[in-house]
Structure formats: structure tokens, C-alpha cells
file protein.txt (compact mmCIF, C-alpha atoms)
# COMPACT_ATOMS: atom_id res chain seq x y z
CA MET J 1 -47.52 5.01 -2.87
CA SER J 2 -45.22 4.76 0.14
CA SER J 3 -41.67 3.49 -0.04
CA PRO J 4 -40.84 0.23 1.81
CA HIS J 5 -37.52 1.62 3.08
CA PRO J 6 -36.49 5.11 4.22
CA TYR J 7 -33.39 5.02 2.02
CA ILE J 8 -35.06 3.58 -1.11
CA PRO J 9 -37.40 6.25 -2.53
CA ALA J 10 -39.08 4.06 -5.18
CA THR J 11 -42.90 4.23 -4.93
CA ASP J 12 -45.37 1.41 -5.62
CA ALA J 13 -45.88 2.83 -9.10
CA ASP J 14 -42.12 2.94 -9.69
CA ARG J 15 -41.75 -0.68 -8.67
CA ALA J 16 -44.68 -1.80 -10.79
CA LEU J 17 -43.18 -0.10 -13.83
CA MET J 18 -39.78 -1.74 -13.24
CA LEU J 19 -41.36 -5.18 -12.84
CA GLU J 20 -43.33 -4.67 -16.05
CA ARG J 21 -40.17 -3.75 -17.94
CA VAL J 22 -38.37 -6.81 -16.56
CA GLY J 23 -41.31 -9.02 -17.49
CA VAL J 24 -42.48 -10.36 -14.12
CA GLU J 25 -45.56 -9.56 -12.05
CA THR J 26 -44.21 -9.62 -8.47
CA LEU J 27 -40.99 -9.28 -6.53
CA ASP J 28 -41.32 -12.91 -5.43
CA ALA J 29 -41.37 -13.96 -9.09
CA LEU J 30 -38.25 -11.91 -9.70
CA PHE J 31 -36.33 -13.94 -7.13
CA GLU J 32 -38.00 -17.33 -7.55
CA ASP J 33 -34.79 -18.88 -8.94
CA LEU J 34 -33.14 -18.43 -5.53
CA PRO J 35 -33.65 -21.25 -3.00
CA ALA J 36 -36.31 -20.34 -0.47
CA SER J 37 -33.81 -20.72 2.37
CA LEU J 38 -31.75 -17.87 0.96
CA ARG J 39 -34.63 -15.43 0.57
CA ASP J 40 -34.95 -13.13 3.58
CA PRO J 41 -33.36 -15.60 6.01
CA THR J 42 -34.00 -15.08 9.71
CA LEU J 43 -30.98 -13.48 11.35
CA SER J 44 -30.06 -14.28 14.93
CA LEU J 45 -29.34 -10.78 16.21
CA PRO J 46 -29.36 -9.46 19.78
CA PRO J 47 -31.85 -6.76 20.77
CA ALA J 48 -31.10 -3.28 19.47
CA LEU J 49 -29.07 -0.95 21.67
CA THR J 50 -29.47 2.74 22.22
CA GLU J 51 -26.62 4.96 21.07
CA PRO J 52 -25.20 5.46 24.61
CA GLU J 53 -25.40 1.72 25.23
CA LEU J 54 -23.60 0.99 21.98
CA ILE J 55 -20.84 3.51 22.75
CA ALA J 56 -20.35 1.95 26.18
CA LEU J 57 -20.16 -1.54 24.66
CA LEU J 58 -17.59 -0.45 22.07
CA ALA J 59 -15.50 1.24 24.76
CA GLU J 60 -15.57 -1.95 26.81
CA ARG J 61 -14.53 -4.07 23.81
CA SER J 62 -11.78 -1.67 22.74
CA ALA J 63 -10.26 -1.84 26.24
CA HIS J 64 -9.29 -5.44 25.45
CA ASN J 65 -7.10 -4.28 22.54
CA ALA J 66 -3.49 -4.55 23.66
CA ALA J 67 -1.96 -3.46 20.35
CA PRO J 68 -1.28 0.22 21.17
CA SER J 69 0.69 -0.54 24.34
CA ARG J 70 2.09 -4.00 23.63
CA PRO J 71 5.68 -4.00 22.34
CA SER J 72 5.57 -5.10 18.69
CA PHE J 73 8.39 -5.75 16.27
CA LEU J 74 6.37 -6.79 13.26
CA GLY J 75 7.09 -5.07 9.97
CA ALA J 76 7.12 -6.89 6.64
CA GLY J 77 5.13 -4.24 4.80
CA ALA J 78 3.24 -2.45 7.59
CA TYR J 79 5.27 -0.03 9.71
CA ARG J 80 4.63 2.18 12.72
CA ARG J 81 5.41 5.79 11.82
CA SER J 82 5.46 9.12 13.62
CA VAL J 83 2.71 10.94 11.75
CA PRO J 84 2.61 14.77 12.10
CA SER J 85 -0.44 15.81 14.16
CA VAL J 86 -1.50 18.29 11.49
CA VAL J 87 -2.54 15.35 9.27
CA SER J 88 -5.53 14.31 11.38
CA HIS J 89 -6.55 17.94 11.96
CA LEU J 90 -6.78 18.68 8.24
CA THR J 91 -8.15 15.36 6.97
CA SER J 92 -10.95 15.40 9.56
CA ARG J 93 -12.50 18.42 7.84
CA SER J 94 -15.81 17.29 6.37
CA GLU J 95 -15.02 18.34 2.81
CA PHE J 96 -12.15 15.85 2.67
CA VAL J 97 -13.91 12.76 4.03
CA THR J 98 -14.27 10.79 0.81
CA ALA J 99 -12.16 8.18 -0.98
CA TYR J 100 -13.32 9.03 -4.48
CA THR J 101 -12.25 11.21 -7.35
CA PRO J 102 -15.42 13.09 -8.35
CA TYR J 103 -17.33 12.14 -11.47
CA GLN J 104 -17.92 15.83 -12.25
CA PRO J 105 -14.36 17.06 -11.76
CA GLU J 106 -14.85 20.51 -13.16
CA ILE J 107 -16.80 21.53 -10.03
CA SER J 108 -14.39 19.83 -7.59
CA GLN J 109 -11.30 21.98 -7.86
CA GLY J 110 -10.22 21.39 -4.25
CA THR J 111 -10.23 17.61 -4.61
CA LEU J 112 -8.41 17.84 -7.91
CA GLN J 113 -5.81 20.20 -6.50
CA SER J 114 -5.07 17.78 -3.63
CA GLY J 115 -4.67 15.00 -6.23
CA PHE J 116 -2.27 17.14 -8.24
CA GLU J 117 -0.24 17.92 -5.12
CA PHE J 118 -0.12 14.20 -4.26
CA GLN J 119 1.16 13.36 -7.74
CA SER J 120 3.82 16.05 -7.41
CA VAL J 121 5.01 14.68 -4.06
CA VAL J 122 5.21 11.13 -5.44
CA CYS J 123 7.22 12.31 -8.44
CA GLU J 124 9.66 14.16 -6.17
CA LEU J 125 10.13 11.13 -3.91
CA THR J 126 10.56 8.61 -6.71
CA GLY J 127 12.47 10.74 -9.23
CA MET J 128 9.90 9.89 -11.92
CA ASP J 129 8.19 12.08 -14.52
CA VAL J 130 4.51 11.37 -13.86
CA ALA J 131 2.35 9.77 -11.17
CA ASN J 132 -1.33 8.93 -10.91
CA VAL J 133 -3.69 9.86 -8.07
CA GLY J 134 -3.23 6.52 -6.30
CA LEU J 135 -4.22 2.86 -6.47
CA TYR J 136 -5.55 0.43 -3.89
CA ASP J 137 -2.26 -0.70 -2.33
CA VAL J 138 1.34 -1.54 -3.18
CA ALA J 139 0.45 -5.06 -4.33
CA SER J 140 -2.20 -4.00 -6.85
CA ALA J 141 -0.02 -1.09 -7.98
CA THR J 142 2.86 -3.49 -8.66
CA ALA J 143 0.56 -5.87 -10.51
CA GLU J 144 -0.69 -2.96 -12.64
CA ALA J 145 2.95 -2.02 -13.30
CA CYS J 146 3.62 -5.52 -14.61
CA LEU J 147 0.56 -5.38 -16.87
CA MET J 148 1.69 -1.98 -18.15
CA ALA J 149 5.19 -3.27 -18.83
CA ALA J 150 3.73 -6.19 -20.76
CA ARG J 151 1.65 -3.82 -22.89
CA ALA J 152 4.60 -1.50 -23.50
CA THR J 153 7.07 -4.23 -24.43
CA LYS J 154 4.57 -6.69 -25.97
CA ARG J 155 6.17 -9.50 -23.94
CA GLY J 156 4.51 -12.30 -22.02
CA ALA J 157 6.59 -12.90 -18.86
CA VAL J 158 7.50 -11.05 -15.67
CA ALA J 159 10.55 -11.64 -13.44
CA LEU J 160 10.25 -11.10 -9.67
CA LEU J 161 13.63 -10.76 -7.96
CA GLU J 162 13.60 -12.50 -4.58
CA PRO J 163 13.28 -11.72 -1.78
CA ILE J 164 10.06 -9.84 -2.51
CA HIS J 165 6.98 -9.55 -0.32
CA PRO J 166 5.02 -12.80 -0.83
CA GLY J 167 1.71 -10.93 -0.73
CA THR J 168 2.82 -8.67 -3.57
CA ALA J 169 4.05 -11.68 -5.55
CA ASP J 170 0.70 -13.45 -5.07
CA VAL J 171 -1.26 -10.44 -6.33
CA VAL J 172 1.04 -10.13 -9.37
CA ARG J 173 0.38 -13.79 -10.17
CA THR J 174 -3.37 -13.28 -9.79
CA TYR J 175 -3.42 -10.23 -12.06
CA GLY J 176 -1.22 -12.01 -14.59
CA ARG J 177 -3.50 -15.02 -14.87
CA GLY J 178 -6.11 -13.23 -17.02
CA PRO J 179 -3.81 -12.03 -19.81
CA GLY J 180 -1.74 -15.21 -19.52
CA LEU J 181 1.49 -13.68 -18.22
CA ARG J 182 4.14 -16.08 -16.97
CA ILE J 183 5.46 -14.99 -13.56
CA ASP J 184 9.01 -16.14 -12.78
CA SER J 185 10.62 -15.86 -9.35
CA ILE J 186 14.36 -15.40 -9.82
CA THR J 187 17.34 -14.96 -7.49
CA SER J 188 19.72 -13.26 -9.93
CA PRO J 189 19.21 -10.52 -12.53
CA ASP J 190 21.15 -12.73 -14.94
CA ALA J 191 17.96 -14.79 -15.25
CA VAL J 192 16.14 -11.93 -17.01
CA GLY J 193 15.64 -12.88 -20.64
CA GLU J 194 14.22 -11.47 -23.84
CA GLU J 195 10.81 -12.94 -22.97
CA HIS J 196 10.49 -10.79 -19.81
CA ALA J 197 8.57 -7.53 -19.91
CA CYS J 198 10.02 -6.31 -16.63
CA LEU J 199 12.20 -7.08 -13.65
CA VAL J 200 10.43 -6.33 -10.35
CA VAL J 201 12.70 -5.40 -7.43
CA GLN J 202 11.69 -4.43 -3.88
CA GLN J 203 13.61 -1.57 -2.23
CA PRO J 204 14.48 -2.34 0.58
CA ASP J 205 13.86 -6.01 -0.12
CA PHE J 206 11.53 -8.25 1.90
CA LEU J 207 14.28 -9.22 4.36
CA GLY J 208 15.27 -5.59 4.93
CA ALA J 209 18.38 -5.18 2.76
CA ILE J 210 18.99 -2.02 0.74
CA VAL J 211 19.26 -2.83 -2.96
CA ASP J 212 21.59 -1.22 -5.51
CA LEU J 213 19.09 -0.56 -8.28
CA GLU J 214 21.42 0.76 -10.98
CA PRO J 215 23.07 -2.56 -11.98
CA LEU J 216 19.65 -4.21 -11.86
CA ALA J 217 18.27 -1.57 -14.22
CA GLU J 218 21.23 -2.15 -16.52
CA ALA J 219 20.63 -5.92 -16.51
CA ALA J 220 16.93 -5.44 -17.27
CA HIS J 221 17.53 -2.90 -20.03
CA THR J 222 20.18 -5.10 -21.65
CA SER J 223 17.43 -7.69 -22.18
CA GLY J 224 14.94 -5.06 -23.36
CA ALA J 225 12.93 -5.31 -20.14
CA LEU J 226 11.76 -2.50 -17.86
CA LEU J 227 12.77 -2.12 -14.22
CA VAL J 228 9.89 -1.89 -11.73
CA ALA J 229 11.06 -0.70 -8.31
CA VAL J 230 8.72 -1.44 -5.39
CA ALA J 231 10.03 1.27 -3.08
CA ASP J 232 9.23 2.24 0.51
CA PRO J 233 8.51 5.99 0.21
CA PHE J 234 9.67 6.62 3.79
CA ALA J 235 13.03 4.97 3.08
CA LEU J 236 13.35 7.21 0.01
CA GLY J 237 13.86 10.09 2.42
CA LEU J 238 17.31 8.57 2.92
CA LEU J 239 17.92 6.39 -0.15
CA ARG J 240 18.57 7.33 -3.75
CA ALA J 241 15.42 7.95 -5.78
CA PRO J 242 14.68 4.97 -8.07
CA GLY J 243 14.30 7.29 -11.05
CA ASP J 244 17.90 8.46 -10.56
CA ALA J 245 18.96 4.79 -10.70
CA SER J 246 17.24 4.30 -14.12
CA ALA J 247 14.04 2.61 -12.89
CA ASP J 248 11.20 2.83 -15.41
CA ILE J 249 8.21 2.36 -13.08
CA VAL J 250 8.03 2.88 -9.30
CA THR J 251 5.33 1.59 -6.99
CA GLY J 252 5.02 1.79 -3.23
CA GLU J 253 2.78 1.83 -0.15
CA GLY J 254 1.81 5.22 1.24
CA ARG J 255 -0.52 4.11 4.02
CA ASP J 256 2.00 4.17 6.90
CA ILE J 257 3.15 7.73 6.27
CA ALA J 258 -0.52 8.75 6.05
CA GLY J 259 -1.48 7.35 9.43
CA GLY J 260 -0.90 3.67 10.02
CA ALA J 261 -2.26 0.28 9.11
CA ALA J 262 -5.72 0.84 10.68
CA TYR J 263 -6.43 -2.82 11.43
CA GLY J 264 -5.49 -4.00 7.95
CA GLY J 265 -6.85 -1.31 5.70
CA PRO J 266 -7.39 0.77 3.75
CA SER J 267 -4.11 1.28 1.91
CA LEU J 268 -2.63 3.64 -0.66
CA GLY J 269 -0.79 2.36 -3.70
CA LEU J 270 1.77 4.71 -5.24
CA PHE J 271 2.40 4.51 -8.98
CA ALA J 272 4.87 6.61 -10.97
CA ALA J 273 6.57 6.14 -14.32
CA ARG J 274 8.59 7.78 -17.04
CA SER J 275 6.71 10.13 -19.35
CA GLN J 276 6.81 7.79 -22.36
CA PHE J 277 4.46 5.44 -20.49
CA LEU J 278 1.91 8.14 -19.66
CA ARG J 279 -0.86 6.80 -21.89
CA GLN J 280 -0.33 3.26 -20.64
CA MET J 281 -0.78 4.18 -16.97
CA PRO J 282 -3.75 2.88 -14.98
CA GLY J 283 -6.12 5.02 -12.94
CA ARG J 284 -6.45 8.79 -13.22
CA ILE J 285 -4.00 11.64 -13.71
CA VAL J 286 -4.80 15.20 -12.67
CA GLY J 287 -3.38 18.10 -14.66
CA ARG J 288 -3.10 21.83 -14.04
CA THR J 289 -3.83 24.54 -16.57
CA ARG J 290 -4.47 28.28 -16.78
CA GLU J 291 -7.12 30.31 -18.52
CA LEU J 292 -6.33 32.15 -21.70
CA LYS J 293 -6.16 35.90 -21.13
CA PRO J 294 -9.68 36.83 -19.95
CA ALA J 295 -11.52 39.40 -22.06
CA ASP J 296 -12.50 41.42 -18.96
CA GLY J 297 -8.86 42.12 -18.14
CA ARG J 298 -8.67 40.15 -14.87
CA GLU J 299 -5.77 37.85 -14.03
CA PRO J 300 -6.02 34.34 -15.56
CA ARG J 301 -7.12 31.69 -13.08
CA THR J 302 -5.50 28.31 -12.46
CA GLY J 303 -7.70 25.28 -13.03
CA TYR J 304 -7.33 21.54 -12.36
CA VAL J 305 -8.65 18.88 -14.72
CA LEU J 306 -8.68 15.11 -15.05
CA THR J 307 -6.12 14.90 -17.82
CA LEU J 308 -6.26 11.15 -18.28
CA GLN J 309 -8.85 8.55 -17.33
CA ALA J 310 -7.82 5.16 -18.64
CA ARG J 311 -10.63 3.17 -17.02
CA GLU J 312 -13.06 1.20 -19.17
CA GLN J 313 -15.99 3.21 -17.76
CA PHE J 314 -14.70 6.30 -19.57
CA ILE J 315 -13.25 4.92 -22.80
CA ARG J 316 -13.76 1.95 -25.09
CA ARG J 317 -13.21 -1.33 -23.26
CA GLU J 318 -10.59 -2.57 -25.70
CA ARG J 319 -8.53 0.59 -25.14
CA ALA J 320 -8.81 0.62 -21.34
CA THR J 321 -5.65 -0.05 -19.36
CA SER J 322 -7.31 -0.82 -16.03
CA ASN J 323 -10.60 -1.17 -14.18
CA ILE J 324 -9.21 0.61 -11.10
CA SER J 325 -12.08 2.58 -9.59
CA THR J 326 -11.07 4.47 -6.46
CA ALA J 327 -8.20 6.90 -6.08
CA GLN J 328 -7.95 6.45 -2.27
CA ALA J 329 -8.20 10.23 -2.23
CA LEU J 330 -8.49 10.70 1.54
CA ILE J 331 -5.39 8.64 2.35
CA ALA J 332 -3.57 10.26 -0.57
CA LEU J 333 -4.39 13.64 0.95
CA ALA J 334 -3.09 12.50 4.36
CA PHE J 335 0.09 11.20 2.71
CA THR J 336 0.58 14.52 0.92
CA ILE J 337 0.05 16.56 4.08
CA ALA J 338 2.46 14.37 6.06
CA VAL J 339 5.24 14.54 3.49
CA GLN J 340 4.84 18.27 2.94
CA ALA J 341 4.68 18.93 6.69
CA LEU J 342 7.98 17.11 7.15
CA GLY J 343 9.58 18.58 4.05
CA PRO J 344 12.65 17.03 2.39
CA HIS J 345 14.92 17.74 5.38
CA GLY J 346 12.39 16.50 7.93
CA LEU J 347 11.73 13.33 5.98
CA ARG J 348 15.45 12.64 5.72
CA GLU J 349 15.94 13.27 9.45
CA SER J 350 13.06 10.91 10.27
CA ALA J 351 14.47 8.22 7.98
CA GLU J 352 17.94 8.65 9.52
CA LEU J 353 16.46 8.34 13.00
CA CYS J 354 14.66 5.16 11.94
CA TYR J 355 17.91 3.75 10.54
CA GLN J 356 19.90 4.60 13.65
CA ARG J 357 17.34 3.24 16.12
CA ALA J 358 16.97 -0.02 14.19
CA HIS J 359 20.73 -0.54 14.03
CA ASP J 360 21.16 0.28 17.72
CA ALA J 361 18.49 -2.32 18.59
CA ALA J 362 20.16 -4.91 16.33
CA ARG J 363 23.54 -4.33 18.04
CA ARG J 364 21.93 -4.86 21.44
CA VAL J 365 20.28 -8.09 20.30
CA ALA J 366 23.51 -9.39 18.76
CA ALA J 367 25.32 -8.78 22.08
CA ILE J 368 23.04 -11.23 23.94
CA PRO J 369 24.71 -14.66 24.34
CA GLY J 370 23.14 -17.22 22.03
CA PHE J 371 21.70 -14.68 19.58
CA ASP J 372 22.90 -13.71 16.14
CA VAL J 373 21.90 -10.97 13.66
CA PRO J 374 22.87 -12.24 10.19
CA GLU J 375 23.34 -9.42 7.70
CA ARG J 376 22.93 -9.30 3.94
CA GLY J 377 24.73 -6.02 3.38
CA PRO J 378 23.36 -2.54 4.17
CA TRP J 379 19.84 -2.51 5.60
CA PHE J 380 17.30 0.07 6.68
CA GLN J 381 14.82 -0.85 9.43
CA GLU J 382 14.36 -4.65 9.42
CA PHE J 383 16.88 -7.23 10.57
CA LEU J 384 17.04 -10.99 10.97
CA VAL J 385 17.45 -12.58 14.41
CA ARG J 386 18.52 -16.15 15.18
CA GLY J 387 18.38 -17.50 18.70
CA PRO J 388 19.15 -20.65 20.67
CA LEU J 389 15.61 -21.95 20.01
CA PRO J 390 13.81 -22.80 16.77
CA ALA J 391 12.22 -19.67 15.31
CA PRO J 392 8.59 -20.69 16.03
CA GLU J 393 9.48 -21.54 19.64
CA LEU J 394 11.38 -18.28 20.10
CA ALA J 395 8.34 -16.39 18.78
CA ALA J 396 6.09 -18.25 21.23
CA GLN J 397 8.42 -17.45 24.13
CA LEU J 398 8.39 -13.73 23.26
CA SER J 399 4.60 -13.77 23.02
CA ALA J 400 4.50 -15.30 26.51
CA HIS J 401 6.53 -12.28 27.68
CA GLY J 402 3.87 -9.94 26.26
CA ILE J 403 5.88 -9.02 23.17
CA THR J 404 4.76 -9.37 19.57
CA PRO J 405 7.83 -10.91 17.89
CA GLY J 406 9.19 -10.36 14.42
CA LEU J 407 7.81 -12.34 11.50
CA ASP J 408 8.87 -15.98 11.25
CA VAL J 409 10.75 -16.24 7.94
CA SER J 410 12.50 -19.53 8.71
CA HIS J 411 10.59 -21.27 5.90
CA ARG J 412 12.13 -19.04 3.23
CA PRO J 413 14.86 -20.37 0.89
CA GLU J 414 17.44 -17.66 1.60
CA PRO J 415 20.27 -19.19 3.72
CA GLU J 416 20.40 -16.24 6.11
CA ALA J 417 16.66 -16.62 6.84
CA ASP J 418 17.15 -20.16 8.14
CA ASN J 419 15.73 -20.39 11.70
CA ALA J 420 15.29 -16.59 11.75
CA LEU J 421 12.69 -14.04 12.74
CA LEU J 422 12.44 -10.72 10.88
CA PHE J 423 12.34 -7.85 13.40
CA CYS J 424 11.42 -4.24 12.65
CA VAL J 425 12.32 -1.13 14.63
CA THR J 426 11.31 2.32 13.38
CA GLU J 427 11.62 5.92 14.53
CA ALA J 428 8.29 5.44 16.34
CA THR J 429 9.31 2.36 18.36
CA PRO J 430 9.55 3.46 22.02
CA ASP J 431 12.83 2.90 23.85
CA THR J 432 10.90 1.08 26.57
CA HIS J 433 9.72 -1.49 24.01
CA VAL J 434 13.28 -2.18 22.86
CA ASP J 435 14.36 -2.46 26.49
CA ALA J 436 11.57 -4.98 27.12
CA LEU J 437 12.71 -7.00 24.09
CA ILE J 438 16.32 -7.12 25.30
CA ARG J 439 15.24 -8.25 28.78
CA ALA J 440 13.01 -10.97 27.34
CA LEU J 441 15.67 -12.28 24.93
CA THR J 442 18.27 -12.25 27.69
CA GLU J 443 16.00 -14.32 29.91
CA ILE J 444 15.11 -16.70 27.08
CA GLY J 445 18.79 -17.14 26.17
CA ALA J 446 19.76 -17.85 29.78
CA ARG J 447 17.14 -20.60 30.06
CA ALA J 448 17.85 -22.22 26.68
call {"tool": "encode", "arguments": {"input": "protein.txt", "output": "C-alpha cells"}}
result
Amino acid sequence: MSSPHPYIPATDADRALMLERVGVETLDALFEDLPASLRDPTLSLPPALTEPELIALLAERSAHNAAPSRPSFLGAGAYRRSVPSVVSHLTSRSEFVTAYTPYQPEISQGTLQSGFEFQSVVCELTGMDVANVGLYDVASATAEACLMAARATKRGAVALLEPIHPGTADVVRTYGRGPGLRIDSITSPDAVGEEHACLVVQQPDFLGAIVDLEPLAEAAHTSGALLVAVADPFALGLLRAPGDASADIVTGEGRDIAGGAAYGGPSLGLFAARSQFLRQMPGRIVGRTRELKPADGREPRTGYVLTLQAREQFIRRERATSNISTAQALIALAFTIAVQALGPHGLRESAELCYQRAHDAARRVAAIPGFDVPERGPWFQEFLVRGPLPAPELAAQLSAHGITPGLDVSHRPEPEADNALLFCVTEATPDTHVDALIRALTEIGARA
């Protein structure tokens, strides 16, 4: 009656009963449709290591990672931030180490309260009425916003205002393929028509420029479309809230404020909207309530509940708005702690510092003979750089100097991106890294 695996408690009798219900006699018969070469293939694995040996090996491998100390000026959606130290202290508590909203929420008041606090922070940052407890990342959140706009307006096209992050645009196109949405990339809000459910605008845009959302919202609303603002929540410490500029839906990426890119994942998608779209929103929404006056005379207690679950697992499939599963609860908690630790004044000061340091670095680059920093109006933390060499060659030269260069955007259609790299400097970029960049560019320019 023993189990074949320490983590699979099924007994021989359990397995026999399951096979009988399925209608086969043996496990081999259950999998006979699979080619023999794919059944329990031999794996070429090295001998097992003891725990101390494994720790030593990982330490040796991690010593080859130059990312923490190497000067890097990559941005384009993933940014180095100064995260308050209290974030790691609180999120490392064992009761918080989970990414999931509980399936029995009534006994998980702490998790629900942290979700409610996260929603409140997102609403304050974005100027919107309601937020959910988080989606996978900014790209999926924006795609869900487009689907929601299509449901709300009963229209079949979406307009993406360039320049927008190409990864976000790709995910929107992927999500739109199922319901048959047409995804149009446009360069002017005048191209928004009566067939468009929404106009999607990135703030700041993909090339770093700060966008005036109000006239874009007016252009979208004139055509009966909604405005979806894909906003950097850190930049919102300095910029006008999208809700105050008449945006209808706001999405964003909360990962960097929570603690960094972590080798590519996981992420935290922010999603907020106006109250009239509440029942169209994807994911989960946590609410807060209070007891009626208790009969025993004690003070009423506050309780947290899952107010809305729009996933097909919980309601009829045809009424579901999304199949989003996780709430990214741990990263959402870290985001909430970081924003609340900074407070509105601290967040603004950090955003101002980021702005000032980026502009100081851009001025220093522009002063180097042979280099140019083309501008597209006001910008926040990312700037374009042209040099005396083709962009790919300039990037290679910087890499040879031990510097990770800005993103090569020379293939993009915008005139100012021609032969340009997109550099990013934030409040967390060390002065020594900027100094190293200036020395390397000066040397490259002198040799060109």
C-alpha cells in the first residue's frame, strides 16, 4: 500500500481505483499513446551534491555576475530604484511569502487587508476610483484594459499611440487575436475613429517624453473611445495623475518600486479605472466592511472581503471578464510598503531627484564633442543619444569599456530615434557610473 513518491500520497488501492474509473488496467496503458522515447527518458544529470557543496557552487557561479557593479544605462521598462530597506524586512516574514489571493478569503484577513491597502495606494497614485489587487505585468494589464474597453464600448478596434513599448504592443495584439480586435498603431490622436474602443497612450512614452494626456483624452472621447494611460507609477510622484487628466483606465508596472527586475521576473501589473467600469474589470477587488452593531455590546469589527471575482472559475464562463489567476500578492505588498514608507512627499522628492540626475547626465553627454541629445519636449528619466558612430557600433564600444549602453532604438520610425541609443539614469544610478560613461564617450568621440 506504499506510495511511490514521498510527495504523492496515493496508495496502490487509490491508484487501482483511479485506473478502473478511467478504464485502463495499468499506468503503462494509460500512457501508451505517447512515443516510447518520451516516456521516462534518461536524463543526463551530474551526481547529486550535498547542501554545502551546492551552496558553494552557487556562490562561485554568482561571483561571475557583473550586473550589480557594472555601470548600466538600460531602461525601456525596467528601472533601477532606491527601494526603502523596510520593504525586504517586512515581506520576508513567513506569513507574507505567497503570490496568491486565498481561496477561502474569510479566514485570511491579513492578506485581504494588504490587498485593500494596495488598491488604495494605486487609486491615489493614478487618480482613479477603483483598482484591482494586481495583474501579471504592465503588458497583460494593458491588454486586459483594451479588452475591457472593447466590452464597454462594443467596438472592435484599438488604437496604440506611438511610441509605445513594443513588448506591450505585442501582448495587446496577442490578447486581441482571440476576440478578433483590430490593433492599429497610430502617430496622431486624429487617427482615432468611431471604430476604436480606446486610445492607448504610454506616460512617459517609450522614448522618454512626458505626454500631455488631457488633449489626448479629449480626442478619444470626441470619437466615443476611452483613454487608456500606461503610466509609470514612480513618475506619477512628479507628474499629474492620469485620472485628473480625464483618463478612463490606467495601467502600469509596479515591480521596480517593489524591489527591482529580479532577472526578468516576476512583475506586478497595476490596473485602475473609473467606477462605472467596476463590473467589467478583470481579476479581483477587495472591499472593506464593518459589522452591524453586535448584540453583546462590543465595538463593531472591520472585515475585508473579496467584493468582486470576475474570473471564469468563480462565475459562469460567458460572464467572465478574464482568466487572470494570480494577484501577485507578495510584490503588491512590497509595492504598497515602499510607497507608504516614502509617502507622497518622499515619492515626489525621489521622482524629482531622478529627473534632476537624468537631466544632469544628459547635459554632460551633450557637451562631449561629436555627441548629441535630441529632445522631443519635456522628458523624465530616459534620453536619446547620437554619437559619431552608428548606434550598434557605439553600443559595442561602450560594452568594450565595461558599460552596459542604452537600448538601440535606431530601427524605430521616429526621426529623432535615427542612429540613437536610449539611455536611462535614475535616482539610484551612482555618480561613479555616470562619470565612467562620460569618460568612455569622451574617449570614443576622440578616436572617431
call {"tool": "atom_distance", "arguments": {"input": "protein.txt", "atom1": "CA of Phe423 in chain J", "atom2": "CA of Thr187 in chain J"}}
result
22.6 Å
call {"tool": "atom_distance", "arguments": {"input": "protein.txt", "atom1": "CA of Ala391 in chain J", "atom2": "CA of Asn419 in chain J"}}
result
5.1 Å
call {"tool": "closest_residue", "arguments": {"input": "protein.txt", "among": "J:Asp137, J:Asp360, J:Asp40, J:Glu162", "to": "Gly254 in chain J", "atoms": "only C-alpha atoms"}}
result
J:Asp137
call {"tool": "atom_distance", "arguments": {"input": "protein.txt", "atom1": "CA of Ser94 in chain J", "atom2": "CA of Ile324 in chain J"}}
result
25.0 Å
call {"tool": "closest_residue", "arguments": {"input": "protein.txt", "among": "J:Val24, J:Ala332, J:Val373, J:Leu353", "to": "Glu253 in chain J", "atoms": "only C-alpha atoms"}}
result
J:Ala332
call {"tool": "residues_around", "arguments": {"input": "protein.txt", "residues": "range 426-442 of chain J", "least_positions_apart": "4", "cutoff": "8 Å", "atoms": "all atoms listed in the file", "output": "count of residues only"}}
result
23
call {"tool": "closest_residue", "arguments": {"input": "protein.txt", "among": "J:Val86, J:Leu160, J:Ala59, J:Ala229", "to": "Glu214 in chain J", "atoms": "all atoms listed in the file"}}
result
J:Ala229
call {"tool": "residues_around", "arguments": {"input": "protein.txt", "residues": "Gln328 in chain J", "least_positions_apart": "6", "cutoff": "12 Å", "atoms": "all atoms listed in the file", "output": "ChimeraX atom specification"}}
result
/J:96-102,111,114-115,118,132-137,253-255,258,265-270,283-284,334-335
call {"tool": "residues_around", "arguments": {"input": "protein.txt", "residues": "Gly224 in chain J", "least_positions_apart": "3", "cutoff": "9 Å", "atoms": "all atoms listed in the file", "output": "list of chain:residue names"}}
result
J:Thr153, J:Gly193, J:Glu194, J:Glu195, J:His196, J:Ala197, J:Cys198, J:Ala219, J:Ala220, J:His221
call {"tool": "closest_residue", "arguments": {"input": "protein.txt", "among": "J:Arg301, J:Arg173, J:Arg151, J:Arg61", "to": "Met281 in chain J", "atoms": "only C-alpha atoms"}}
result
J:Arg151
call {"tool": "residues_around", "arguments": {"input": "protein.txt", "residues": "Val230 in chain J", "least_positions_apart": "5", "cutoff": "6 Å", "atoms": "all atoms listed in the file", "output": "PyMOL selection string"}}
result
chain J and resi 201-203+250-252
call {"tool": "closest_residue", "arguments": {"input": "protein.txt", "among": "J:Ala209, J:Leu236, J:Leu19, J:Cys146", "to": "Phe383 in chain J", "atoms": "all atoms listed in the file"}}
result
J:Ala209
call {"tool": "closest_residue", "arguments": {"input": "protein.txt", "among": "J:Val385, J:Ile249, J:Ala241, J:Cys424", "to": "Phe271 in chain J", "atoms": "only C-alpha atoms"}}
result
J:Ile249
